[in-house]
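Below is one structure, written out as structure tokens, with a few remarks after it.
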Amino acid sequence: ARSMECFLLPDVWLVALFSAATGAFSMVINDYFDFRSGADALKPKPLTLGTVHPEQALLAAAVFYLSTMFFASLLLQSLTLRALVSCSLMATFLYTPMLKGICFVKNLVVAFVISQAIVAGGLAVGGANLVRAVVPAFYVFSTIMWQEIMMDINDEEGDRNAGIRTLPVTVGKHAAMAVATFFAFLASLSPLLPLLVPGAQVSPVAASVIPLVQSVIIFGSVRAWRASFQREEMDVVLNREYPAIAASLAVLCAFP
């Protein structure tokens, strides 16, 4: 009954709205900065096709960002929630012009913005649910870190030619794959996080299922590694990630 009552809480809907708005507006501002830098010159997007004027896109993004920050500060009751939303807005706004070119930081920002939405949801429902929210949030953070680094490995040649200092460009593909696999392994340990909180209990179902699901990603990563990062192998393991995330989150939510 309590789990259904959470849908009656205003903060739950507000957090969902602001999280969706942050994701949508980040795409607009990302397209604007990519257009200005020439990164999207050959891509059929509204800015490159001339359908939308770049200053219109910048104005719309600025209005959206400021409006979201204003209403989040006005409507959200929790100071922590307001801080999370504000940090996500600033991180996504600064991502392309400033953070995207910083090795490893760009991966951390993407993983943080996505995973913090789960923590914000836990805070919106009530502080007592925060521990239950941290476990799936940590899982998502670790998995997104794995995904981002894997995608950087796939794009290593193009990023190197464009002067973008991703992890594979900076330390090499093998070292980057080792870091990516480490994050995939960390995700498999997420059900054990309650051990760090006195009195919290580990879900035996989640502790059994999540490592099995993650083993598909971990062994797939190792196979792509041994295949010298062939794009076909990399794409196979990346495509397996989405059903794995969906299954893992379903387990973590159903058996907290």
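Chains: A, B, ... in order of the structure tokens. Residues: from 1 per chain. Ligands: from 1, in order shown.
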What are the closest atom pairs, with distances in Å to one decimal, for all residues of segment 146-222 of chain A lying within 8 Å of segment 236-240 of chain A? Consider only C-alpha atoms, order rows by chain and residue number, and present the result as CSV.
residue,atom,partner,partner_atom,distance
A:Gln147,CA,A:Leu238,CA,7.0
A:Met150,CA,A:Leu238,CA,7.7
A:Val216,CA,A:Arg240,CA,8.0
A:Ile217,CA,A:Val237,CA,6.3
A:Gly220,CA,A:Val237,CA,5.4
A:Ser221,CA,A:Val237,CA,6.6
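Using only C-alpha atoms, the protein and nucleic acid residues lying no more than 9 Å from segment 108-112 of chain A, apart from those fewer than 4 places from it along its own chain, are Ser88, Ala91, Thr92, Tyr95, Leu99, Lys100, Phe104, Gln116, Ala117, Val140, Phe141, Ser142, Thr143, Ile144, Met145 and Glu148 of chain A.
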Can you write out the residues you just picked, keeping C-alpha atoms, as a compact mmCIF listing (two decimals), in the first residue's frame?
# COMPACT_ATOMS: atom_id res chain seq x y z
CA SER A 88 22.32 18.04 -12.82
CA ALA A 91 26.49 19.58 -15.27
CA THR A 92 24.48 19.01 -18.45
CA TYR A 95 29.04 19.19 -20.42
CA LEU A 99 33.50 18.89 -19.50
CA LYS A 100 33.26 16.77 -22.64
CA PHE A 104 37.21 10.53 -17.61
CA GLN A 116 21.09 10.77 -9.44
CA ALA A 117 17.52 10.64 -10.76
CA VAL A 140 23.14 2.34 -12.82
CA PHE A 141 26.17 4.59 -12.16
CA SER A 142 28.61 1.69 -12.52
CA THR A 143 26.89 0.29 -15.60
CA ILE A 144 26.73 3.67 -17.35
CA MET A 145 30.44 4.16 -16.62
CA GLU A 148 30.51 5.20 -21.72
Mind listing the helix (DSSP H, G or I) residues of segment 16-231 of chain A, per DSSP on the backbone, as a PyMOL selection string? chain A and resi 16-37+46-49+54-75+79-99+105-125+127-154+156-162+167-171+173-188+190-196+204-226+231
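Between atom CA of Ile245 of chain A and atom CA of Leu195 of chain A there is a distance of 22.4 Å.
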Can you pull out every residue within 10 Å of Pro10 of chain A, counting only C-alpha atoms, but drop anything in the same chain fewer than 6 positions away, and send it as a PyMOL selection string? chain A and resi 75-77+124-125
Keeping only C-alpha atoms, write those residues as a PDB file, in the first residue's frame.
ATOM      1  CA  LEU A  75       8.374  23.816  -5.627  1.00  0.00           C
ATOM      2  CA  LEU A  76      10.689  21.161  -4.197  1.00  0.00           C
ATOM      3  CA  GLN A  77      10.513  21.065  -0.410  1.00  0.00           C
ATOM      4  CA  ALA A 124      11.103  12.408  -2.864  1.00  0.00           C
ATOM      5  CA  VAL A 125       9.366   9.349  -1.415  1.00  0.00           C
TER       6      VAL A 125
END
Hey, which of A:Asn154, A:Ser208, A:Thr51, A:Ser19 ends up closest to Ser115 of chain A? Count only C-alpha atoms.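 Using only C-alpha atoms, Ser115 of chain A sits closest to A:Ser19.
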Residues of segment 86-199 of chain A at most 10 Å from segment 37-46 of chain A: nearest atom pair and distance in Å, only C-alpha atoms, as CSV:
residue,atom,partner,partner_atom,distance
A:Thr96,CA,A:Ser37,CA,9.9
A:Pro97,CA,A:Ser37,CA,9.0
A:Ala162,CA,A:Ala39,CA,8.8
Could you state the separation of atom CA of Thr170 of chain A and atom CA of Ile114 of chain A in Å, given to one decimal place? 24.7 Å
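Minimum atom-to-atom distance to Val135 of chain A, evaluated using only C-alpha atoms, belongs to A:Leu249 out of A:Leu249, A:Leu49, A:Met177, A:Leu81.
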Pro211 of chain A: which residues within 12 Å, counting only C-alpha atoms, same-chain residues fewer than 5 positions away excluded, as a VMD selection string? chain A and resid 139 184 to 192 204 to 206 216 to 219 244 to 245 247 to 248 251 to 252
To one decimal place, how far is atom CA of Val134 of chain A from atom CA of Gln201 of chain A in Å?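 Taking atom CA of Val134 of chain A and atom CA of Gln201 of chain A, their separation equals 13.3 Å.
With only C-alpha atoms as the basis for measurement, A:Ser26 is the residue among A:Ser86, A:Ser26, A:Thr80, A:Ser73 that approaches Leu58 of chain A most closely.
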